[in-house]
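Chemist: Below is the file start31.txt, which contains compact mmCIF, C-alpha atoms and all ligand atoms.
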```txt
# COMPACT_ATOMS: atom_id res chain seq x y z
CA MET R 10 149.84 103.13 146.86
CA PRO R 11 152.22 104.07 144.06
CA THR R 12 154.33 101.12 142.96
CA PRO R 13 158.11 101.21 143.25
CA SER R 14 159.52 102.44 139.99
CA HIS R 15 161.38 99.19 139.33
CA LEU R 16 158.02 97.60 138.52
CA ASN R 17 157.88 99.88 135.49
CA ASN R 18 160.99 98.14 134.25
CA PRO R 19 159.81 95.88 131.44
CA LEU R 20 162.82 93.61 131.93
CA TYR R 21 161.55 92.81 135.37
CA PHE R 22 159.22 90.21 133.90
CA ASP R 23 159.74 87.97 130.87
CA PHE R 24 156.23 87.38 129.52
CA ARG R 25 157.49 84.87 126.97
CA ALA R 26 158.98 82.61 129.63
CA ALA R 27 155.93 82.74 131.93
CA ARG R 28 154.10 79.42 132.29
CA ARG R 29 151.65 80.85 134.83
CA VAL R 30 150.47 84.23 136.09
CA PRO R 31 152.44 85.07 139.25
CA GLU R 32 150.86 86.92 142.18
CA SER R 33 152.58 90.14 141.07
CA HIS R 34 150.42 90.06 137.92
CA ALA R 35 147.21 88.53 139.34
CA TRP R 36 144.40 91.07 139.70
CA PRO R 37 141.52 90.38 142.07
CA GLY R 38 137.97 91.25 141.07
CA LEU R 39 138.37 91.04 137.30
CA ASP R 40 135.03 89.23 137.03
CA ASP R 41 133.12 91.68 139.25
CA HIS R 42 130.91 92.53 136.30
CA PRO R 43 129.72 90.31 133.43
CA VAL R 44 131.28 90.72 130.00
CA VAL R 45 128.98 90.87 127.00
CA ASP R 46 129.99 90.60 123.37
CA GLY R 47 129.27 93.93 121.70
CA GLY R 48 129.93 92.33 118.31
CA ALA R 49 127.11 89.83 118.69
CA ALA R 50 124.50 92.43 119.73
CA PRO R 51 122.02 93.48 116.99
CA PRO R 52 122.65 97.08 115.79
CA GLY R 53 120.85 99.62 117.98
CA SER R 54 120.41 97.19 120.89
CA PRO R 55 121.78 98.20 124.34
CA ASP R 56 125.02 96.24 123.96
CA ALA R 57 125.80 97.24 120.38
CA VAL R 58 128.73 99.66 120.26
CA PRO R 59 127.54 102.70 118.25
CA VAL R 60 129.03 103.11 114.77
CA VAL R 61 129.72 106.43 113.05
CA ASP R 62 130.39 106.21 109.32
CA LEU R 63 132.10 109.34 108.02
CA ARG R 64 130.73 108.68 104.54
CA GLU R 65 127.29 109.68 105.80
CA PRO R 66 126.16 113.30 105.22
CA PRO R 67 127.60 115.56 107.98
CA ALA R 68 124.24 116.24 109.65
CA ALA R 69 123.49 112.52 109.95
CA ALA R 70 127.03 111.71 111.15
CA ALA R 71 126.85 114.54 113.72
CA ALA R 72 123.56 113.17 115.06
CA ARG R 73 125.17 109.75 115.52
CA VAL R 74 128.21 111.30 117.19
CA ALA R 75 125.94 113.22 119.59
CA ARG R 76 124.03 110.09 120.59
CA ALA R 77 127.18 108.00 120.99
CA ALA R 78 129.11 110.66 122.93
CA GLU R 79 126.17 111.30 125.25
CA GLN R 80 125.24 107.70 125.87
CA TRP R 81 128.51 105.77 125.59
CA GLY R 82 131.42 108.21 125.42
CA ALA R 83 132.75 106.00 122.63
CA PHE R 84 131.98 104.70 119.14
CA LEU R 85 133.44 102.78 116.25
CA LEU R 86 134.52 105.07 113.43
CA THR R 87 134.32 103.74 109.88
CA GLY R 88 134.51 105.34 106.45
CA HIS R 89 137.29 107.65 107.71
CA GLY R 90 139.44 107.39 104.62
CA VAL R 91 142.67 106.19 106.29
CA ALA R 92 143.74 103.34 104.01
CA GLY R 93 143.62 99.80 105.40
CA GLU R 94 146.94 99.21 103.70
CA LEU R 95 148.55 102.00 105.80
CA LEU R 96 147.01 100.59 108.99
CA ALA R 97 148.46 97.17 108.13
CA ARG R 98 151.92 98.71 107.74
CA VAL R 99 151.51 100.59 111.04
CA GLU R 100 150.67 97.33 112.82
CA GLU R 101 153.55 95.50 111.18
CA ARG R 102 156.04 98.20 112.28
CA ILE R 103 154.67 98.20 115.83
CA ALA R 104 155.10 94.41 116.02
CA CYS R 105 158.65 94.80 114.78
CA MET R 106 159.37 97.42 117.47
CA PHE R 107 158.04 95.26 120.30
CA ALA R 108 160.12 92.34 118.99
CA LEU R 109 163.35 94.26 119.70
CA PRO R 110 165.63 92.64 122.28
CA ALA R 111 164.78 93.64 125.86
CA ALA R 112 168.13 95.40 126.25
CA ASP R 113 167.29 97.73 123.35
CA LYS R 114 163.84 98.49 124.74
CA MET R 115 165.37 99.20 128.16
CA ARG R 116 167.41 102.04 126.71
CA ALA R 117 164.17 103.90 125.99
CA VAL R 118 162.57 103.31 129.39
CA ARG R 119 160.23 106.04 130.64
CA GLY R 120 161.87 108.09 133.37
CA PRO R 121 159.95 108.93 136.56
CA GLY R 122 157.35 111.59 135.74
CA ASP R 123 158.01 111.37 131.96
CA ALA R 124 155.02 111.20 129.64
CA CYS R 125 157.07 109.44 126.93
CA GLY R 126 159.20 106.31 126.89
CA TYR R 127 159.11 102.52 127.07
CA GLY R 128 157.41 100.44 129.77
CA SER R 129 154.07 100.40 131.56
CA PRO R 130 151.88 103.46 130.97
CA PRO R 131 151.92 106.26 133.59
CA ILE R 132 148.68 105.01 135.19
CA SER R 133 150.40 101.79 136.28
CA SER R 134 152.25 103.68 139.01
CA PHE R 135 149.00 103.94 140.99
CA PHE R 136 148.57 100.17 141.32
CA SER R 137 150.53 97.56 143.17
CA LYS R 138 149.83 94.85 140.57
CA CYS R 139 151.57 94.71 137.21
CA MET R 140 149.77 94.64 133.92
CA TRP R 141 150.20 91.96 131.28
CA SER R 142 151.58 94.34 128.68
CA GLU R 143 154.40 96.54 127.54
CA GLY R 144 153.88 99.98 126.11
CA TYR R 145 155.71 102.70 124.29
CA THR R 146 154.63 106.35 124.33
CA PHE R 147 156.05 108.99 122.00
CA SER R 148 155.23 112.36 120.59
CA PRO R 149 154.88 112.28 116.80
CA ALA R 150 156.32 115.82 116.79
CA SER R 151 159.70 114.55 118.02
CA LEU R 152 159.49 111.07 116.54
CA ARG R 153 162.87 110.83 114.81
CA ARG R 154 164.76 112.05 117.86
CA ASP R 155 162.81 109.92 120.40
CA LEU R 156 163.10 106.75 118.35
CA ARG R 157 166.90 106.92 118.30
CA LYS R 158 166.69 105.71 121.89
CA LEU R 159 165.26 102.42 120.62
CA TRP R 160 167.39 102.33 117.46
CA PRO R 161 170.60 104.25 118.34
CA LYS R 162 172.27 103.22 115.07
CA ALA R 163 169.21 104.24 113.04
CA GLY R 164 169.16 101.70 110.17
CA GLU R 165 166.35 100.26 108.07
CA ASP R 166 163.90 99.30 110.83
CA TYR R 167 164.27 102.75 112.40
CA ALA R 168 163.71 104.45 109.06
CA SER R 169 160.63 102.43 108.16
CA PHE R 170 159.13 102.83 111.64
CA CYS R 171 159.56 106.61 111.42
CA ASP R 172 158.36 106.84 107.81
CA VAL R 173 155.21 104.85 108.50
CA MET R 174 154.40 106.65 111.76
CA GLU R 175 154.91 110.04 110.13
CA GLU R 176 152.57 109.10 107.29
CA PHE R 177 150.04 107.81 109.82
CA HIS R 178 150.34 110.93 112.02
CA LYS R 179 149.70 113.20 109.05
CA GLU R 180 146.50 111.34 108.19
CA MET R 181 145.38 111.07 111.82
CA ARG R 182 145.96 114.72 112.64
CA ALA R 183 143.76 115.69 109.68
CA LEU R 184 141.16 113.13 110.74
CA ALA R 185 141.24 114.58 114.27
CA ASP R 186 140.32 118.00 112.86
CA ARG R 187 137.42 116.48 110.92
CA LEU R 188 136.21 114.67 114.01
CA LEU R 189 136.54 117.74 116.23
CA GLU R 190 134.35 119.63 113.80
CA LEU R 191 131.81 116.83 113.90
CA PHE R 192 131.85 116.77 117.70
CA LEU R 193 131.19 120.53 117.74
CA ARG R 194 128.35 120.15 115.27
CA ALA R 195 127.06 117.38 117.48
CA LEU R 196 126.94 119.95 120.28
CA GLY R 197 124.59 122.00 118.13
CA LEU R 198 126.96 124.42 116.42
CA THR R 199 126.44 124.92 112.69
CA GLY R 200 129.29 124.44 110.21
CA ASP R 201 129.63 128.23 109.82
CA GLN R 202 129.70 128.76 113.58
CA VAL R 203 132.41 126.14 113.99
CA ALA R 204 134.51 127.96 111.40
CA ALA R 205 133.80 131.40 112.86
CA VAL R 206 134.13 130.85 116.60
CA GLU R 207 137.58 131.83 117.79
CA ALA R 208 137.71 129.39 120.72
CA GLU R 209 136.82 126.43 118.53
CA ARG R 210 139.32 127.43 115.88
CA ARG R 211 142.03 127.74 118.49
CA ILE R 212 141.28 124.28 119.82
CA ALA R 213 141.66 122.77 116.36
CA GLU R 214 144.84 124.67 115.62
CA THR R 215 146.60 123.88 118.87
CA MET R 216 145.49 120.31 119.60
CA THR R 217 148.51 118.09 120.24
CA ALA R 218 148.88 114.39 119.48
CA THR R 219 150.57 111.69 121.55
CA MET R 220 150.88 108.07 120.47
CA HIS R 221 150.84 105.14 122.85
CA LEU R 222 151.53 101.64 121.52
CA ASN R 223 150.51 98.55 123.47
CA TRP R 224 151.77 94.99 123.26
CA TYR R 225 149.74 92.39 125.16
CA PRO R 226 151.60 89.08 125.07
CA ARG R 227 149.47 85.93 125.04
CA CYS R 228 148.82 84.84 128.59
CA PRO R 229 148.66 81.37 130.21
CA ASP R 230 145.75 82.39 132.49
CA PRO R 231 143.91 85.38 130.97
CA ARG R 232 141.19 85.37 133.65
CA ARG R 233 143.70 86.41 136.34
CA ALA R 234 145.72 88.93 134.31
CA LEU R 235 144.85 92.37 132.96
CA GLY R 236 146.29 94.01 129.84
CA LEU R 237 145.45 97.58 130.80
CA ILE R 238 143.71 98.65 134.00
CA ALA R 239 140.27 100.28 133.67
CA HIS R 240 140.59 104.02 133.18
CA THR R 241 139.25 107.02 131.36
CA ASP R 242 141.56 108.89 129.00
CA SER R 243 142.43 112.32 130.35
CA GLY R 244 142.62 114.38 127.13
CA PHE R 245 140.02 115.43 124.54
CA PHE R 246 139.54 112.24 122.54
CA THR R 247 141.48 109.17 121.47
CA PHE R 248 141.52 106.99 118.38
CA VAL R 249 142.22 103.36 119.28
CA LEU R 250 143.33 100.94 116.58
CA GLN R 251 142.62 97.31 117.47
CA SER R 252 141.96 95.94 114.06
CA LEU R 253 143.19 92.37 114.45
CA VAL R 254 142.66 90.85 117.89
CA PRO R 255 139.87 92.13 120.19
CA GLY R 256 140.49 92.95 123.87
CA LEU R 257 139.09 96.44 124.45
CA GLN R 258 136.08 96.57 126.79
CA LEU R 259 133.85 99.55 127.61
CA PHE R 260 132.06 99.87 130.95
CA ARG R 261 128.30 100.37 130.82
CA HIS R 262 125.83 101.05 133.60
CA ALA R 263 122.32 99.70 134.24
CA PRO R 264 123.02 96.87 134.31
CA ASP R 265 126.72 97.25 135.12
CA ARG R 266 128.71 95.26 132.58
CA TRP R 267 131.74 95.30 130.32
CA VAL R 268 130.96 95.42 126.61
CA ALA R 269 133.67 93.80 124.50
CA VAL R 270 134.33 95.95 121.43
CA PRO R 271 134.57 93.81 118.28
CA ALA R 272 137.76 94.08 116.25
CA VAL R 273 136.45 95.63 113.03
CA PRO R 274 139.19 95.67 110.39
CA GLY R 275 140.01 99.22 109.35
CA ALA R 276 137.82 100.86 112.04
CA PHE R 277 138.98 103.06 114.92
CA VAL R 278 137.37 103.14 118.32
CA VAL R 279 136.96 106.76 119.43
CA ASN R 280 136.97 107.39 123.19
CA VAL R 281 135.84 110.66 124.74
CA GLY R 282 138.34 111.83 127.38
CA ASP R 283 137.89 113.75 130.65
CA LEU R 284 138.95 117.15 129.26
CA PHE R 285 136.34 116.78 126.53
CA GLN R 286 133.74 116.11 129.19
CA ILE R 287 134.81 119.41 130.75
CA LEU R 288 134.84 121.24 127.39
CA THR R 289 131.33 120.04 126.60
CA ASN R 290 130.10 120.89 130.11
CA GLY R 291 129.41 117.21 130.76
CA ARG R 292 127.18 116.73 127.77
CA PHE R 293 129.63 114.24 126.26
CA HIS R 294 131.16 111.95 128.86
CA SER R 295 134.43 110.15 129.07
CA VAL R 296 134.33 106.37 128.86
CA TYR R 297 135.72 103.97 131.40
CA HIS R 298 137.55 101.19 129.53
CA ARG R 299 140.13 98.42 129.95
CA ALA R 300 142.02 95.90 127.84
CA VAL R 301 141.99 92.17 128.53
CA VAL R 302 144.43 89.55 127.30
CA ASN R 303 143.93 86.13 125.76
CA ARG R 304 145.55 82.72 125.83
CA ASP R 305 146.37 82.17 122.18
CA MET R 306 147.40 85.38 120.51
CA ASP R 307 149.57 88.38 121.15
CA ARG R 308 147.61 91.58 120.72
CA ILE R 309 148.77 94.99 119.56
CA SER R 310 146.85 98.23 119.88
CA LEU R 311 147.58 101.87 119.30
CA GLY R 312 146.12 104.91 121.00
CA TYR R 313 146.33 108.27 119.21
CA PHE R 314 145.59 110.80 121.97
CA LEU R 315 144.44 114.35 121.23
CA GLY R 316 144.50 117.05 123.84
CA PRO R 317 145.20 120.73 124.42
CA PRO R 318 148.71 122.18 124.58
CA PRO R 319 150.05 122.17 128.16
CA HIS R 320 149.50 125.87 128.88
CA ALA R 321 145.89 126.05 127.59
CA LYS R 322 143.08 126.34 130.13
CA VAL R 323 140.17 124.06 129.27
CA ALA R 324 136.75 125.29 130.39
CA PRO R 325 133.20 124.49 129.27
CA LEU R 326 132.44 126.06 125.87
CA PRO R 327 129.81 128.79 126.29
CA GLU R 328 127.73 127.07 123.59
CA ALA R 329 127.60 123.92 125.72
CA VAL R 330 126.28 125.64 128.85
CA PRO R 331 122.47 125.90 128.90
CA PRO R 332 121.19 129.52 128.97
CA GLY R 333 120.88 130.89 132.49
CA ARG R 334 123.10 128.16 133.97
CA SER R 335 126.70 128.45 135.11
CA PRO R 336 129.45 126.14 133.81
CA ALA R 337 129.62 122.75 135.50
CA TYR R 338 133.45 122.68 135.66
CA ARG R 339 136.20 125.12 136.47
CA ALA R 340 138.98 125.84 133.98
CA VAL R 341 142.05 123.56 134.13
CA THR R 342 145.15 122.94 132.05
CA TRP R 343 146.00 119.34 131.12
CA PRO R 344 148.97 119.20 133.53
CA GLU R 345 146.81 120.66 136.33
CA TYR R 346 144.17 118.05 135.63
CA MET R 347 146.79 115.26 135.71
CA GLY R 348 147.75 116.53 139.16
CA VAL R 349 144.12 116.32 140.27
CA ARG R 350 143.88 112.80 138.81
CA LYS R 351 146.95 111.77 140.73
CA LYS R 352 145.36 113.01 143.94
CA ALA R 353 142.09 111.30 142.99
CA PHE R 354 143.85 107.96 142.41
CA THR R 355 145.60 108.05 145.74
CA THR R 356 142.49 109.07 147.70
CA GLY R 357 139.85 107.07 145.80
CA ALA R 358 138.03 110.23 144.66
CA SER R 359 136.72 111.22 141.23
CA ALA R 360 139.00 113.69 139.45
CA LEU R 361 136.09 115.08 137.43
CA LYS R 362 134.09 115.73 140.58
CA MET R 363 137.11 117.48 142.06
CA VAL R 364 137.11 119.97 139.19
CA ALA R 365 133.32 120.39 139.18
CA ALA R 366 132.43 124.07 139.60
CA ALA R 367 130.93 123.45 143.03
CA ALA R 368 134.14 121.76 144.16
CA GLY R 369 137.17 123.60 145.48
CA SER R 370 136.17 123.89 149.10
CA GLU R 371 137.27 121.20 151.53
CA ASP R 372 133.65 120.15 151.83
CA ALA R 373 133.34 119.65 148.11
CA ASP R 374 136.56 117.59 148.06
CA ALA R 375 135.11 115.41 150.80
CA THR R 376 131.89 114.97 148.81
CA ALA R 377 133.89 114.00 145.73
CA THR R 378 135.57 111.28 147.75
CA ALA R 379 132.48 109.99 149.49
CA ALA R 380 130.28 109.93 146.42
CA VAL R 381 132.42 107.66 144.30
CA HIS R 382 131.96 103.92 144.01
CA GLN R 383 133.67 101.47 141.70
CA PRO R 384 134.32 102.25 138.90
CA GLN R 385 135.59 105.52 140.18
CA LEU R 386 135.97 107.60 137.08
CA VAL R 387 132.51 107.32 135.56
CA VAL R 388 130.51 110.48 135.89
CA SER R 389 127.20 110.42 134.10
CA SER R 390 126.30 113.44 132.04
C1 LIG R 401 148.87 111.91 126.30
C2 LIG R 401 148.81 111.02 127.26
C3 LIG R 401 147.58 110.30 127.64
C4 LIG R 401 148.08 109.25 128.58
C5 LIG R 401 149.20 109.99 129.29
C6 LIG R 401 149.95 110.60 128.11
C7 LIG R 401 150.73 109.49 127.38
C8 LIG R 401 150.15 108.08 127.60
C9 LIG R 401 148.63 108.03 127.75
C10 LIG R 401 148.14 106.82 128.51
C11 LIG R 401 147.97 105.54 127.66
C12 LIG R 401 147.43 104.40 128.53
C13 LIG R 401 146.31 104.84 129.48
C14 LIG R 401 146.66 106.18 130.18
C15 LIG R 401 145.62 106.50 131.24
C16 LIG R 401 148.07 106.16 130.70
O1 LIG R 401 148.44 105.86 131.79
O2 LIG R 401 148.91 106.52 129.68
C17 LIG R 401 146.80 107.23 129.10
C18 LIG R 401 147.07 108.66 129.57
C19 LIG R 401 145.81 109.50 129.77
O3 LIG R 401 144.87 109.45 128.99
O4 LIG R 401 145.83 110.21 130.76
O1 LIG R 402 144.41 98.14 124.00
C1 LIG R 402 143.35 98.74 123.89
O2 LIG R 402 142.44 98.36 123.15
C2 LIG R 402 143.07 99.96 124.73
C3 LIG R 402 144.21 100.91 124.70
C4 LIG R 402 143.96 102.06 125.59
O3 LIG R 402 142.95 102.19 126.23
C5 LIG R 402 144.99 103.08 125.72
O4 LIG R 402 146.08 102.94 125.13
O5 LIG R 402 144.68 104.05 126.44
```
Could you quickly redo this structure as C-alpha cells?
Ligand SMILES: C=C1C[C@]23C[C@H]1CC[C@H]2[C@@]12CCC[C@@](C)(C(=O)O1)[C@H]2[C@@H]3C(=O)O
Ligand SMILES: O=C(O)CCC(=O)C(=O)O
Modeler:
Amino acid sequence: MPTPSHLNNPLYFDFRAARRVPESHAWPGLDDHPVVDGGAAPPGSPDAVPVVDLREPPAAAAARVARAAEQWGAFLLTGHGVAGELLARVEERIACMFALPAADKMRAVRGPGDACGYGSPPISSFFSKCMWSEGYTFSPASLRRDLRKLWPKAGEDYASFCDVMEEFHKEMRALADRLLELFLRALGLTGDQVAAVEAERRIAETMTATMHLNWYPRCPDPRRALGLIAHTDSGFFTFVLQSLVPGLQLFRHAPDRWVAVPAVPGAFVVNVGDLFQILTNGRFHSVYHRAVVNRDMDRISLGYFLGPPPHAKVAPLPEAVPPGRSPAYRAVTWPEYMGVRKKAFTTGASALKMVAAAAGSEDADATATAAVHQPQLVVSS
C-alpha cells in the first residue's frame, strides 16, 4: 500500500531526539538472510565484491567489468582519477547541507510525483514503514536554481555547495562516458565499433545524470531499522560514494545472503540498473541492494544515477542479442518503465518480467506475478 504523503515529510520524525526505534520505523524480516562481510573475503572468493581498476589496460578492465556485471551486477571502481580531495569536499558539503535546520529542509520537500526534492526517496511511497534516513535528489543540470529552495538567500554555503557539486558533476559525467565505453567493450564490441555505432554514440551523448544524497543518522537499535529499503536502481548504472562509513549491502543468491560492501576510501561502487539489463538483453543484470544503519556514526552516501533522456526508448542492443534469437525485452522509455515498476510494487510482480518480450498478454502478466519470490526484483541473466 502506498504510504500517506505526510510520511515523506522529514519533519515528521526527529532522528536526533529518538531514544528508541518506534513501530513506524521498525521493519520486520531484516535478518531473513545472513550478512557476510565482503571486505573480509579473500579476493576472488564468492563473497569478495569484484574490483575494477581503471588503471588496468582497457582489455583487462573490460574483462573484469564483464565478469562483475554478469555475476554481481555491481563492482568497486578504483583508479578512476577523481581526486580523493574532491570527494572529501563533496562529503563535507553534503554533511553541511543535511545539518541545515529542519525548517529550511522542509522548504525543498519533494512534491507528490516529483523526482527531485528533499525527503524520503520516491521508492518509500510503496512501503508503510519509514526508513531511517533523509535524502535529497537534484538534477545537476538545474543545480543552482534547485538549491535556492534550500538556501533562498544564497550565501556562502549555497555557493560552495554548488561549486563543489558542479566540479564533481563535470568529473563524474566524463567518468560515466568512460565507463559506458568499457561496459560496451565488455559486451564484446571493439573500441572502433563503440565509436562507430550510432546507437551507442547516441546513448553516450544523451545520458542524463541525477544525484541523490543520503543521510543515515546513527540509530539506537540498528537491527530493527533500515536506512534504505532493498531495491534495484531503475536507470542504466549508478556510482555510489560511501567512502567513510560502510552500510551498503548487495544481495547474492546460492546461498542467499547480503554481502556488506567495504568502505574503500576513494572508490565508487557501480551498480547496474534495470534499464541496463534491458539494453544488454539481460547479459548484465541489475543488483538488488539496501543500506543499513549503525549505532555509533551518522553515515552519508551519494548516488550518481545515469539513465536515458525521458523520451528515449530503451531496447536490447542488437550486438547483445545472440544471432538467430529475438530480443528478451520490449522497448520502453524510463518514465514508462517507472510506471511498470509502480504497478509491480503494488502487485508484488517483477517489473523486468513485465517488460520481457514474452510479456504483454494478461497471461504473461500473471506469470510475472506468480513467478516472483522475495527478493522480488532479482532476475538472473
Ligand atoms: C534518477 C532517479 C533514480 C531514482 C529515482 C530518480 C531520483 C532518485 C533515485 C532513487 C534513489 C534511491 C533509490 C531509488 C529506487 C529511489 O526511490 O530514488 C532511486 C530511483 C531509481 O533508481 O529508480
Ligand atoms: O547508501 C547507500 O550506500 C546506497 C545508496 C543507494 O542505493 C541509492 O541512493 O540508491
Chemist: Throw together the list of residues within 7 Å of ligand LIG 401 (chain R), counting all atoms listed in the file, and drop it here as a VMD selection string.
Modeler: chain R and resid 124 to 125 130 to 133 146 219 221 240 to 244 312 314
Chemist: For the contact check between chain R and ligand LIG 402 (chain R), emit one row per residue of chain R within 7 Å, containing the shortest atom pair and the distance in Å rounded to one decimal, counting only C-alpha atoms and all ligand atoms, chain then rising number order, as a Markdown table.
Modeler:
```
| residue | atom | partner | partner_atom | distance |
| --- | --- | --- | --- | --- |
| R:His221 | CA | R:LIG402 | O4 | 5.7 |
| R:Leu222 | CA | R:LIG402 | O4 | 6.7 |
| R:Asn223 | CA | R:LIG402 | O1 | 6.1 |
| R:Leu237 | CA | R:LIG402 | O1 | 6.9 |
| R:Asp242 | CA | R:LIG402 | O5 | 6.3 |
| R:Val249 | CA | R:LIG402 | C3 | 6.3 |
| R:Gln251 | CA | R:LIG402 | O2 | 5.8 |
| R:Gly256 | CA | R:LIG402 | O2 | 5.8 |
| R:Leu257 | CA | R:LIG402 | O2 | 4.1 |
| R:His298 | CA | R:LIG402 | O3 | 6.4 |
| R:Arg299 | CA | R:LIG402 | O3 | 6.0 |
| R:Ala300 | CA | R:LIG402 | C1 | 5.0 |
| R:Ile309 | CA | R:LIG402 | O1 | 7.0 |
| R:Ser310 | CA | R:LIG402 | O1 | 4.8 |
| R:Leu311 | CA | R:LIG402 | O4 | 6.1 |
| R:Gly312 | CA | R:LIG402 | O4 | 4.6 |
```
Chemist: So that I can check the surroundings of region 34-42 of chain R, please list as a count of residues only every protein, DNA and RNA residue that reaches within 10 Å of it, counting only C-alpha atoms and ignoring chain neighbours fewer than 2 positions away.
Modeler: 27
Chemist: Please determine, counting all atoms listed in the file, which residue among R:Pro274, R:Gly122, R:Pro331, R:Gly144 has the shortest atom-to-atom distance to Gly348 (chain R).
Modeler: R:Gly122
Chemist: How far is it from CA of Phe285 (chain R) to CA of Thr342 (chain R), in Å with one decimal?
Modeler: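 So the answer is 12.1 Å.
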Chemist: Point out the residue among R:Ala27, R:Ala108, R:Ile287, R:Ala205 with the least atom-to-atom distance to Ala366 (chain R), counting only C-alpha atoms.
Modeler: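 Counting only C-alpha atoms, the residue closest to Ala366 (chain R) is R:Ile287.
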Chemist: Taking into account only C-alpha atoms, which residue in the set R:Phe192, R:Phe24, R:Phe147, R:Phe293 is nearest to Cys171 (chain R)?
Modeler: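 For Cys171 (chain R), the nearest of the given residues is R:Phe147.
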Chemist: Which residues, written as number ranges by chain, have at least one atom at most 12 Å from region 161-163 of chain R, with all atoms listed in the file counted and residues fewer than 6 positions away on the same chain left out?
Modeler: R: 113-114, 116-117, 153-155, 169-171
Chemist: Could you take the residues named above and write them with C-alpha atoms, as a tab-separated table (two decimals), keeping the file's coordinate frame?
Modeler:
```tsv
chain	number	residue	atom	x	y	z
R	113	ASP	CA	167.29	97.73	123.35
R	114	LYS	CA	163.84	98.49	124.74
R	116	ARG	CA	167.41	102.04	126.71
R	117	ALA	CA	164.17	103.90	125.99
R	153	ARG	CA	162.87	110.83	114.81
R	154	ARG	CA	164.76	112.05	117.86
R	155	ASP	CA	162.81	109.92	120.40
R	169	SER	CA	160.63	102.43	108.16
R	170	PHE	CA	159.13	102.83	111.64
R	171	CYS	CA	159.56	106.61	111.42
```
Chemist: So which residues touch Asp283 (chain R) within 12 Å, counting all atoms listed in the file, skipping near sequence neighbours fewer than 5 positions away, as a PyMOL selection string?
Modeler: chain R and resi 82+240-247+288-297+314-317+323-325+338+341-343+346-347+349-350+359-362+364-365+386-390
Chemist: Any chance you can output those residues with C-alpha atoms as a PDB file, in the coordinates of the input?
Modeler:
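What landed in again.pdb:
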```
ATOM      1  CA  GLY R  82     131.420 108.210 125.420  1.00  0.00           C
ATOM      2  CA  HIS R 240     140.590 104.020 133.180  1.00  0.00           C
ATOM      3  CA  THR R 241     139.250 107.020 131.360  1.00  0.00           C
ATOM      4  CA  ASP R 242     141.560 108.890 129.000  1.00  0.00           C
ATOM      5  CA  SER R 243     142.430 112.320 130.350  1.00  0.00           C
ATOM      6  CA  GLY R 244     142.620 114.380 127.130  1.00  0.00           C
ATOM      7  CA  PHE R 245     140.020 115.430 124.540  1.00  0.00           C
ATOM      8  CA  PHE R 246     139.540 112.240 122.540  1.00  0.00           C
ATOM      9  CA  THR R 247     141.480 109.170 121.470  1.00  0.00           C
ATOM     10  CA  LEU R 288     134.840 121.240 127.390  1.00  0.00           C
ATOM     11  CA  THR R 289     131.330 120.040 126.600  1.00  0.00           C
ATOM     12  CA  ASN R 290     130.100 120.890 130.110  1.00  0.00           C
ATOM     13  CA  GLY R 291     129.410 117.210 130.760  1.00  0.00           C
ATOM     14  CA  ARG R 292     127.180 116.730 127.770  1.00  0.00           C
ATOM     15  CA  PHE R 293     129.630 114.240 126.260  1.00  0.00           C
ATOM     16  CA  HIS R 294     131.160 111.950 128.860  1.00  0.00           C
ATOM     17  CA  SER R 295     134.430 110.150 129.070  1.00  0.00           C
ATOM     18  CA  VAL R 296     134.330 106.370 128.860  1.00  0.00           C
ATOM     19  CA  TYR R 297     135.720 103.970 131.400  1.00  0.00           C
ATOM     20  CA  PHE R 314     145.590 110.800 121.970  1.00  0.00           C
ATOM     21  CA  LEU R 315     144.440 114.350 121.230  1.00  0.00           C
ATOM     22  CA  GLY R 316     144.500 117.050 123.840  1.00  0.00           C
ATOM     23  CA  PRO R 317     145.200 120.730 124.420  1.00  0.00           C
ATOM     24  CA  VAL R 323     140.170 124.060 129.270  1.00  0.00           C
ATOM     25  CA  ALA R 324     136.750 125.290 130.390  1.00  0.00           C
ATOM     26  CA  PRO R 325     133.200 124.490 129.270  1.00  0.00           C
ATOM     27  CA  TYR R 338     133.450 122.680 135.660  1.00  0.00           C
ATOM     28  CA  VAL R 341     142.050 123.560 134.130  1.00  0.00           C
ATOM     29  CA  THR R 342     145.150 122.940 132.050  1.00  0.00           C
ATOM     30  CA  TRP R 343     146.000 119.340 131.120  1.00  0.00           C
ATOM     31  CA  TYR R 346     144.170 118.050 135.630  1.00  0.00           C
ATOM     32  CA  MET R 347     146.790 115.260 135.710  1.00  0.00           C
ATOM     33  CA  VAL R 349     144.120 116.320 140.270  1.00  0.00           C
ATOM     34  CA  ARG R 350     143.880 112.800 138.810  1.00  0.00           C
ATOM     35  CA  SER R 359     136.720 111.220 141.230  1.00  0.00           C
ATOM     36  CA  ALA R 360     139.000 113.690 139.450  1.00  0.00           C
ATOM     37  CA  LEU R 361     136.090 115.080 137.430  1.00  0.00           C
ATOM     38  CA  LYS R 362     134.090 115.730 140.580  1.00  0.00           C
ATOM     39  CA  VAL R 364     137.110 119.970 139.190  1.00  0.00           C
ATOM     40  CA  ALA R 365     133.320 120.390 139.180  1.00  0.00           C
ATOM     41  CA  LEU R 386     135.970 107.600 137.080  1.00  0.00           C
ATOM     42  CA  VAL R 387     132.510 107.320 135.560  1.00  0.00           C
ATOM     43  CA  VAL R 388     130.510 110.480 135.890  1.00  0.00           C
ATOM     44  CA  SER R 389     127.200 110.420 134.100  1.00  0.00           C
ATOM     45  CA  SER R 390     126.300 113.440 132.040  1.00  0.00           C
TER      46      SER R 390
END
```
Chemist: Would you compute the distance between CA of Arg76 (chain R) and CA of Ala340 (chain R)? Give it in Å to one decimal.
Modeler: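 It comes out at 25.5 Å.
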Chemist: Between R:Cys228, R:Ala111, R:Ala367, R:Lys351, which one has atoms that come closest to Ser134 (chain R), using all atoms listed in the file?
Modeler: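 Of all the options, R:Lys351 lies closest to Ser134 (chain R).
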